Amino acid sequence: MKQRHPRQFLEPLCFLSPALVVLAAVTLYPILYVLWLSLQRWSLIAGGHGFIGLQNYVRLAHDGRFWNALSNTVYFTGVSVALELVLGLAIAVLLHRAFPGKGLMRAVLLIPWAVPTVVSAKMWGWMYNADYGIFNYLLGTQVNWLGSPAWALHAAILMDVWKTVPFVAILLMAGLAGVPPELYQAARVDGASPWMIFRRVTLPQLRPLILVVLIFRTIDAFRVFDAIYVLTGGGPANTTETLSIYAYKILFQTLQFGYGSTLAVVVFFCVGLITLAYLRAMRKAGA
Amino acid sequence: MLGCLGLLVAAGCGRRAGVETSGEETTLVFKHSKFFGNPGAFEALLQQFEKENPGLRVKSETLPNSSDEQHQFYVINLQARSVDFDVLALDVVWGAEFARAGWLKEIGAWFSPEMQEEFFRAPLEAVAYGGKVHAVPWFIDAGVLYYRKDLLSQTHRDAPKTWDELVAIARQVTQDNPGLYGFVWQGKQYEGLVCNALEYLWSNGGNVIQNGRVVIDSPENRQAVAFMRDLIYRYHVSPQLVTTLTEEPSRNLFGNGKSVFLRNWPYAWSLFQQDGSAVKDKVGVTVLPHFPGKESAATLGGWQLGVNACSKHPEAAERLIRFLTSYEAQKALALAYALNPTRKKLYEDKDLLAAQPFTAQLHQVFERARPRPVTPFYVMISQHMQTEFSAVLVNLKTPDDALKTLQAEIDGILKQNPAANVSQ
């Protein structure tokens with residue numbers, strides 16, 4: 001084996017060090033600090049401050065509100081990401097065909113994604129209004145969209161789908177543009193039906209991109225905060241309280257930094273696990 | 001974000017950055033939330049104070065808009081023993097919390113029992129902790145019942161005294177006027193829901209904490225909470241959409257002429273009386289109803305003035321508080337911003353009554369006002385109450401279950417922190 005000269009090592013390190021220092025300061029330090037906080041009893045309101053080991057995690061395991069928030073979050077993530085993928089794919093395939101006004105359609109498509117979440121949540125709040133909202137007007141119903149446990153979370157999911165389908169569609173459209181036309185030609189020569197072509201050509205070709213889309217969307221959906229906070233504030237009866245909203249209420253309303261950090265750490269690990277699972281799936285797809 | 005918080009925590013009081021005493025002149029920093037209206041009147045008041053107190057200057061700084069952010073700002077800075085402000089305006093529910101933490105200086109002897117007599121009782125209860133007064137009431141607020149005078153006189157009914165009367169009138173009027181809602185209030189899961197719910201509990205003789213004991217799981221409270229739910233599902237006088245309502249949406253419903261009754265705060269009055277309002281001159285206001293044989297109650301809101309325990313100029317800071325809570329200053333602010341004074345005498349003031357005749361009617365409302373549970377852990381307790389009351393209103397829990405849960409949860413919070421539980 002060839003011995004490496006120390007300079008070969010040091011030189012790149014010198015160039016990299018500013019970036020490493022910045023990364024450590026803005027990413028690593030806060031993460032470690034929150035981890036450290038999660039092992040403390042520290043509440044600004046109740047006072048008291050000290051190391052308590054894993055007690056916060058034990059409390060978490062017995063906290064019904066945490067499990068409720070986790071299940072809300074998982075449900076929200078699963079349903080909204082699945083819908084976004086299906087609808088985004090459909091729109092991408094439709095818009096991929098050449099037709100007059102295609103450019104305009106693409107631009108229009110992006111509008112929901114471009115509107116700030118808080119603004120669109122306010123807007124959707126009005127549309128969901130049970131008294132004068134457009135949904136009840138068009139449907140001729142009197143549904144209490146944001147005020148009944150059966151509807152509230154689904155109302156939030158619908159808004160999230162509306163907002164992020166464009167993002168999914170645009171990314172997948174880019175993927176479709178990269179599929180070699182010869183593949184389609186060959187499939188057609190072989191007499192494949194449109195559905196077969198979609199299943200056997202389009203989908204496999206899009207697979208790596210679909211995984212990227214899923215990573216982005218799943219992580220985003222798992223941390224959802226602003227959309228739901230503006231729509232319902234977590235109510236009624238915590239039926240729309242996600243992990244981020246719960247963590248916010250503990251951290252910034254009741255200022256329990258210890259326990260709130262524990263919640264933040266759990267969200268962090270959940271997101272980490274999701275990312276790892278996707279990365280493995282990607283590696284498999286690549287192989 | 002949390003990383004920065006860690007750095008802020010320090011033992012003793014800190015040093016003031018920026019503004020500092022220069023020569024003979026002392027600068028007081030006064031933190032308060034924004035005034036809605038022309039800032040001139042408030043500035044003129046501060047200038048008058050500076051003129052009466054040579055060598056003293058006042059720098060007024062406004063807080064962020066949302067109550068959560070204001071609370072965060074104060075707690076983080078006071079915890080870090082900040083000396084960047086001397087006088088602070090605080091919400092009525094923070095008094096005990098700040099006092100327990102030792103962040104507020106006790107108010108001096110000038111605020112004597114005789115002088116306290118001149119103020120409404122409820123805000124004084126809210127700022128007393130461990131037998132000491134930690135802030136002086138500045139403005140007062142309380143829940144009131146608005147009703148449609150025109151619709152009630154059509155049916156030859158007076159304003160309701162009891163909750164049953166309210167239900168009966170609402171049903172009668174909505175029968176004659178289809179499309180109207182009977183009674184709207186704030187039923188969304190948030191602090192406002194607690195304010196609403198407590199009025200039902202109290203007006204049935206119930207309470208949350210009494211003499212340091214949790215008493216929320218009582219027959220009176222079960223009946224009161226069940227009544228709230230029944231307003232929606234049994235008597236059908238409140239639409240199901242009350243579970244999404246906060247102050248403004250409910251005010252809009254009533255202001256557009258869509259409801260017979262509304263529970264809200266006094267601020268709504270002037271908006272109903274504006275030109276172009278659909279209910280102009282058709283609105284009456286009265287104290288909230290009560291259950292048979294019990295007394296009406298209104299949840300207290302409002303602002304108090306306290307001195308930062310770390311202030312370098314505590315004596316001057318108190319002088320500013322004394323000035324701002326004086327009869328004249330409260331009158332000037334009431335005239336300029338329609339904020340309700342905490343001194344009872346002002347409700348007989350000729351100028352004020354001429355300018356704001358509505359204010360006089362509020363006197364009896366404020367007499368009946370009651371503070372939300374005065375405990376340092378109120379914000380924690382409130383979160384639990386928001387969840388449980390909301391669960392009853394959407395039929396996920398029975399009142400019995402919800403109150404049992406609350407009894408256990410509030411008990412748990414107070415037991416975890418026994419020493420702090422001195423007051424009430």
# chains A, B, ... in the order shown; residues from 1 in each chain; ligands from 1

call {"tool": "interface_residues", "arguments": {"of": "chain A", "to": "chain B", "cutoff": "6 Å", "atoms": "only C-alpha atoms", "output": "ChimeraX atom specification"}}
result
/A:30,144,147,235-237,254

call {"tool": "write_last_selection", "arguments": {"atoms": "N, CA and C atoms", "output": "tab-separated table (two decimals), in the first residue's frame"}}
result
chain	number	residue	atom	x	y	z
A	30	PRO	N	-26.32	22.97	17.75
A	30	PRO	CA	-27.72	23.00	18.21
A	30	PRO	C	-28.28	21.60	18.43
A	144	ASN	N	-69.13	21.18	9.32
A	144	ASN	CA	-68.28	21.98	10.19
A	144	ASN	C	-66.83	21.53	9.97
A	147	GLY	N	-64.14	22.26	12.57
A	147	GLY	CA	-64.55	22.17	13.97
A	147	GLY	C	-65.01	20.79	14.38
A	235	GLY	N	-56.72	21.94	17.32
A	235	GLY	CA	-58.02	21.46	17.79
A	235	GLY	C	-58.84	20.86	16.68
A	236	PRO	N	-60.06	20.46	16.88
A	236	PRO	CA	-60.70	20.35	18.19
A	236	PRO	C	-60.20	19.14	18.97
A	237	ALA	N	-60.07	19.32	20.25
A	237	ALA	CA	-59.68	18.24	21.16
A	237	ALA	C	-58.39	17.55	20.71
A	254	THR	N	-45.61	26.87	27.13
A	254	THR	CA	-45.39	26.61	28.55
A	254	THR	C	-43.91	26.62	28.90

call {"tool": "select_by_dssp", "arguments": {"residues": "range 22-223 of chain A", "states": "alpha helix (DSSP H)", "output": "ChimeraX atom specification"}}
result
/A:22-23,29-37,55-61,64-96,102-109,111-114,117-128,134-139,149-177,181-189,194-197,203-222

call {"tool": "atom_distance", "arguments": {"atom1": "CA of Leu362 in chain B", "atom2": "CA of Ile140 in chain B"}}
result
10.2 Å

call {"tool": "closest_residue", "arguments": {"among": "B:Phe30, B:Tyr235, B:Pro219, B:Tyr200", "to": "Ile169 in chain B", "atoms": "only C-alpha atoms"}}
result
B:Tyr235

call {"tool": "atom_distance", "arguments": {"atom1": "CA of Thr239 in chain A", "atom2": "CA of Thr405 in chain B"}}
result
16.9 Å

call {"tool": "residues_around", "arguments": {"residues": "Ser60 in chain B", "least_positions_apart": "2", "cutoff": "9 Å", "atoms": "only C-alpha atoms", "output": "CSV table (one decimal) with C-alpha atoms, in the first residue's frame"}}
result
chain,number,residue,atom,x,y,z
B,28,LEU,CA,-36.7,54.4,32.1
B,29,VAL,CA,-37.6,51.7,29.5
B,30,PHE,CA,-41.3,50.8,29.5
B,31,LYS,CA,-42.5,47.7,27.6
B,32,HIS,CA,-46.1,47.4,26.6
B,43,GLU,CA,-46.8,60.2,24.0
B,46,LEU,CA,-45.2,60.4,28.9
B,58,VAL,CA,-39.2,57.4,29.4
B,62,THR,CA,-43.8,47.9,22.1

call {"tool": "residues_around", "arguments": {"residues": "Ala338 in chain B", "least_positions_apart": "6", "cutoff": "10 Å", "atoms": "only C-alpha atoms", "output": "ChimeraX atom specification"}}
result
/B:36-37,266-267,270,331-332,352,355-356,359

call {"tool": "write_last_selection", "arguments": {"atoms": "C-alpha atoms", "output": "PDB file, in the first residue's frame"}}
result
ATOM      1  CA  PHE B  36     -54.638  50.907  18.669  1.00  0.00           C
ATOM      2  CA  GLY B  37     -55.253  54.465  17.648  1.00  0.00           C
ATOM      3  CA  PRO B 266     -66.242  45.072  25.454  1.00  0.00           C
ATOM      4  CA  TYR B 267     -64.094  46.040  22.429  1.00  0.00           C
ATOM      5  CA  SER B 270     -67.731  50.401  19.193  1.00  0.00           C
ATOM      6  CA  LYS B 331     -58.925  58.916  32.031  1.00  0.00           C
ATOM      7  CA  ALA B 332     -56.748  60.278  29.226  1.00  0.00           C
ATOM      8  CA  LEU B 352     -65.773  59.965  30.134  1.00  0.00           C
ATOM      9  CA  ALA B 355     -67.590  60.623  25.386  1.00  0.00           C
ATOM     10  CA  GLN B 356     -68.209  56.923  25.979  1.00  0.00           C
ATOM     11  CA  THR B 359     -68.421  52.509  29.569  1.00  0.00           C
TER      12      THR B 359
END

call {"tool": "closest_residue", "arguments": {"among": "B:Phe49, B:Gly212, B:Tyr147, B:Gly302", "to": "Asn264 in chain B", "atoms": "only C-alpha atoms"}}
result
B:Tyr147

call {"tool": "residues_around", "arguments": {"residues": "Trp42 in chain A", "least_positions_apart": "3", "cutoff": "8 Å", "atoms": "only C-alpha atoms", "output": "list in words"}}
result
Leu37, Gly47, Gly48, His49, Gly50, Gln256, Phe257, Gly258 and Tyr259 of chain A

call {"tool": "atom_distance", "arguments": {"atom1": "CA of Ala268 in chain B", "atom2": "CA of Asp164 in chain B"}}
result
24.6 Å

call {"tool": "select_by_dssp", "arguments": {"residues": "range 127-367 of chain B", "states": "strand (DSSP E)", "output": "ChimeraX atom specification"}}
result
/B:128-129,132-133,136-142,144-148,181-184,209-210,213-214,259-264,283-286,298-308

call {"tool": "closest_residue", "arguments": {"among": "B:Val225, B:Val167, B:Val285, B:Ala96", "to": "Tyr181 in chain B", "atoms": "only C-alpha atoms"}}
result
B:Val167

call {"tool": "residues_around", "arguments": {"residues": "Phe135 in chain A", "least_positions_apart": "6", "cutoff": "10 Å", "atoms": "only C-alpha atoms", "output": "PyMOL selection string"}}
result
chain A and resi 124+126-129+141-143+145

call {"tool": "residues_around", "arguments": {"residues": "Asn53 in chain B", "least_positions_apart": "2", "cutoff": "12 Å", "atoms": "only C-alpha atoms", "output": "compact mmCIF listing (two decimals) with C-alpha atoms, in the first residue's frame"}}
result
# COMPACT_ATOMS: atom_id res chain seq x y z
CA GLU B 25 -30.52 62.00 33.43
CA THR B 26 -32.11 58.61 34.03
CA THR B 27 -33.86 56.76 31.25
CA LEU B 28 -36.68 54.37 32.09
CA LEU B 46 -45.23 60.42 28.90
CA GLN B 47 -44.08 63.96 28.17
CA GLN B 48 -46.18 65.20 31.04
CA PHE B 49 -44.49 62.65 33.31
CA GLU B 50 -41.06 63.81 32.16
CA LYS B 51 -42.02 67.40 32.85
CA GLY B 55 -34.10 64.26 35.07
CA LEU B 56 -36.30 61.31 34.17
CA ARG B 57 -36.87 60.22 30.61
CA VAL B 58 -39.17 57.44 29.44
CA ALA B 316 -38.34 55.93 39.42
CA ALA B 317 -40.04 52.95 37.79
CA ARG B 319 -43.18 56.60 40.12
CA LEU B 320 -44.01 55.98 36.45
CA PHE B 323 -48.43 58.15 37.35
